[in-house]
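> For reference, the structure I am asking about is given below.
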Amino acid sequence: MQKFTFHCPTEVIFGKDSENCTADLIKKYNGHNVLIVFGGGSIKRTGLLDKIIAQLKEASLFVSTLGGVQPNPLVSFVNDGVKKALAQNIDFVLAIGGGSVIDTAKAIAHGLQYPTHDIWDIWTKKIKLEKTTPFGSIVTLAAAGSETSDSSVLTNEQTKQKRGLSTPFNRPRFAIMNPELTFTAPKVQKACGCADILMHTLERYFAKEQDNYMTDYIAEGLMKDVIYYAPKMLENPQDYLSHSEIMYCGSLSHNDITGLGRTKDFSVHKFGHELSAKFDATHGASLTTMWASWARYVYKHDVERFCHLGKVLFDISETGEDGAIKTINTLEEFFYRLGLPICISQLTGKILDETELKYLTDMCTDNNSKAIGTFNPLNYEDVYTIFKMANH
């Protein structure tokens, strides 16, 4: 196990009716003027938005709302949100939604501290993020784990780039997690969320470091839990047990605890980000599109690791290359059973031409200026080959 520093200061309030303490939490973190950020109309239809607004107003808090966050949150939306927040002297940002909404709230909170800059300047590190505005979240979809993570992802619609930013300033002050609030999410979003949870863990699990057993046990237990409860959650949209397990897994999968003492890979995320940026594809679906092709390309780098994963997750007894391939195939089949795409044509509705493949490869490698990943670093030709493998 390598050296590490772990600090996850987010206060987690988990369980039924946990959203009832929202106003008290905002006051605890010195919020007075609150901007509520949300996505579509689902929290309006369920009454959650009105419930939270009424609670905050009763606590004598000023409330403003900003709806319309898209699944792949946009830089332009964030910049507009910052302008609105500045005009209303917002001092606390509250996200109600899933990962895209929470990522947007993080970006707006950062932008409030840098009002003369485009938010993309922070994401591209033209300026160094050294402060932020307090923000918190009420989670309505178990997926990205943004409620406790140090990561946030934005899409620049002008440059067609999708980029993540990792910083301690991305940790929310609090995360309210009531599994019942995820009941009404569409089935496909729940399935994509389960995929994202597994991928956040797999991207840490496949690392160059060896002999990291405690972290392995945590990661393996989380993945086994998702594989067991995901089908149950999709079959029964009102099942509290399965939704609560998946929700907790989502938070743990991306707060770094499943990767302590080793490096992150995140090459599959890089592939997925480029597909999402170009085709506006759902994040979790873009990951399942690419994972098996990546795995088939790199598995010889550590056959034993793949075999061990297969034994733990699926009781696969085969060893060597046969065991590694069976593990990859079995996990791919699991994604397919959840109704998720496992190749590019299933994601985009078409097989890409050579120009599109080259474009994705250029974007993924910053025009052949860098390799991606750490488990088995991938150069331009590697990245192109993997995209080509998935292009069916």
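In the structure tokens, each chain is lettered A, B, ... as it comes, each chain's residues begin at 1, and ligands are numbered from 1 in order of appearance.
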Find the residues around stretch 40-49 of chain A up to 10 Å (only C-alpha atoms counted), leave out those fewer than 3 positions away in its own chain, and share them as a list in words.

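The contact residues come out as Glu19, Ile36, Ile52, Ile53, Ala54, Gln55, Thr65, Gly67, Gly68, Val69, Gln70, Pro71, Ile96, Gly97, Val101, Thr140, Leu181, Thr184 and Ala185 of chain A.
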
> Extract, using only C-alpha atoms, all DNA, RNA and protein residues at most 9 Å from A:Ile90, discarding same-chain residues fewer than 6 positions from it, and format them as a VMD selection string.

chain A and resid 31 to 35 62 to 64 84 112 133

> Report the residues of stretch 160-384 of chain A whose backbone DSSP state falls under helix (DSSP H, G or I), written as JSON, numbers by chain.

{"A": [168, 169, 170, 179, 180, 181, 182, 187, 188, 189, 190, 191, 192, 193, 194, 195, 196, 197, 198, 199, 200, 201, 202, 203, 204, 205, 213, 214, 215, 216, 217, 218, 219, 220, 221, 222, 223, 224, 225, 226, 227, 228, 229, 230, 231, 232, 233, 234, 235, 240, 241, 242, 243, 244, 245, 246, 247, 248, 249, 250, 251, 252, 253, 257, 258, 259, 267, 268, 269, 270, 271, 272, 273, 274, 275, 276, 277, 278, 279, 283, 284, 285, 286, 287, 288, 289, 290, 291, 292, 293, 294, 295, 296, 297, 298, 299, 300, 301, 302, 303, 304, 305, 306, 307, 308, 309, 310, 311, 312, 313, 314, 320, 321, 322, 323, 324, 325, 326, 327, 328, 329, 330, 331, 332, 333, 334, 335, 336, 337, 344, 345, 346, 347, 348, 354, 355, 356, 357, 358, 359, 360, 361, 362, 363, 364, 380, 381, 382, 383, 384]}

> Mind checking which residues fall within 9 Å of stretch 345-347 of chain A, counting only C-alpha atoms, ignoring those fewer than 3 positions away in the same chain, and posting them as a list in words?

Phe279, Ala281, Thr282, Ala285, Ser286, Thr289, Leu340, Pro341, Ile342, Lys350, Ile351, Leu352, Ala390, Asn391 and His392 of chain A

> When you look at stretch 200-216 of chain A with a cut-off of 9 Å (counting only C-alpha atoms), what residues show up, excluding the ones that are within fewer than 6 positions of it in the same chain? I need them as a ChimeraX atom specification.

/A:1-2,144-145,222-223,250,252-254,256-269,302,305-306,374-376

> Show which residues sit within 8 Å of A:Cys8, as a ChimeraX atom specification. Count only C-alpha atoms, and ignore same-chain residues fewer than 6 positions away.

/A:148-149,171,255

> Taking only C-alpha atoms into account, which of A:Asn156, A:Glu381, A:Leu86, A:Val226 comes nearest A:Asn72?

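Closest residue, counting only C-alpha atoms: A:Asn156.
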
> Could you give me, as a list of chain:residue names, the residues within 10 Å of stretch 362-366 of chain A, counting only C-alpha atoms and dropping anything in the same chain fewer than 5 positions from it?

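These residues fall inside the cut-off: A:Lys160, A:Gln161, A:Lys162, A:Ser267, A:Lys270, A:Phe271, A:Gly272, A:His273, A:Glu274, A:Leu275, A:Ala277, A:Lys278, A:Glu356, A:Leu357, A:Ala371, A:Ile372, A:Leu378, A:Asn379, A:Tyr380, A:Glu381, A:Val383, A:Tyr384.
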
> With C-alpha atoms retained, export the selected residues as a PDB file, in the first residue's frame.


ATOM      1  CA  LYS A 160     -16.748  19.837 -27.702  1.00  0.00           C
ATOM      2  CA  GLN A 161     -14.511  19.022 -24.742  1.00  0.00           C
ATOM      3  CA  LYS A 162     -15.677  17.249 -21.597  1.00  0.00           C
ATOM      4  CA  SER A 267      -8.844   5.707 -19.017  1.00  0.00           C
ATOM      5  CA  LYS A 270     -11.643   9.409 -20.748  1.00  0.00           C
ATOM      6  CA  PHE A 271     -13.068   7.321 -23.607  1.00  0.00           C
ATOM      7  CA  GLY A 272     -16.569   7.859 -22.270  1.00  0.00           C
ATOM      8  CA  HIS A 273     -16.150  11.599 -21.869  1.00  0.00           C
ATOM      9  CA  GLU A 274     -15.266  12.006 -25.534  1.00  0.00           C
ATOM     10  CA  LEU A 275     -18.282   9.957 -26.625  1.00  0.00           C
ATOM     11  CA  ALA A 277     -19.143  15.286 -25.541  1.00  0.00           C
ATOM     12  CA  LYS A 278     -19.594  14.438 -29.221  1.00  0.00           C
ATOM     13  CA  GLU A 356     -15.151  10.215 -36.399  1.00  0.00           C
ATOM     14  CA  LEU A 357     -12.802   7.618 -34.896  1.00  0.00           C
ATOM     15  CA  ALA A 371      -1.015   9.127 -23.035  1.00  0.00           C
ATOM     16  CA  ILE A 372      -4.025   8.242 -20.873  1.00  0.00           C
ATOM     17  CA  LEU A 378      -2.291   4.170 -23.678  1.00  0.00           C
ATOM     18  CA  ASN A 379      -0.761   6.185 -26.516  1.00  0.00           C
ATOM     19  CA  TYR A 380      -2.501   7.496 -29.616  1.00  0.00           C
ATOM     20  CA  GLU A 381      -2.435   4.195 -31.501  1.00  0.00           C
ATOM     21  CA  VAL A 383      -6.579   4.683 -27.983  1.00  0.00           C
ATOM     22  CA  TYR A 384      -7.496   4.498 -31.665  1.00  0.00           C
TER      23      TYR A 384
END

> Using only C-alpha atoms, pick whichever of A:Ala87, A:Ile26, A:Ala59, A:Val188 has the shortest atom-to-atom distance to A:Pro115.

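Counting only C-alpha atoms, the residue closest to A:Pro115 is A:Ala87.
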
> What does the distance from atom CA of A:Ala324 to atom CA of A:Met247 come to in Å, to one decimal?

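Between atom CA of A:Ala324 and atom CA of A:Met247 the gap is 29.3 Å.
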
> Using only C-alpha atoms, find the one residue out of A:Ser293, A:Thr10, A:Thr22, A:Thr132 that sits nearest to A:Pro172.

A:Thr10

> Kindly give the distance, in Å, that separates atom CA of A:Gly373 and atom CA of A:Pro168, rounded to a single decimal.

21.5 Å

> How far is it from atom CA of A:Pro237 to atom CA of A:Ala195, in Å with one decimal?

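Result for atom CA of A:Pro237 versus atom CA of A:Ala195: 17.2 Å, one decimal.
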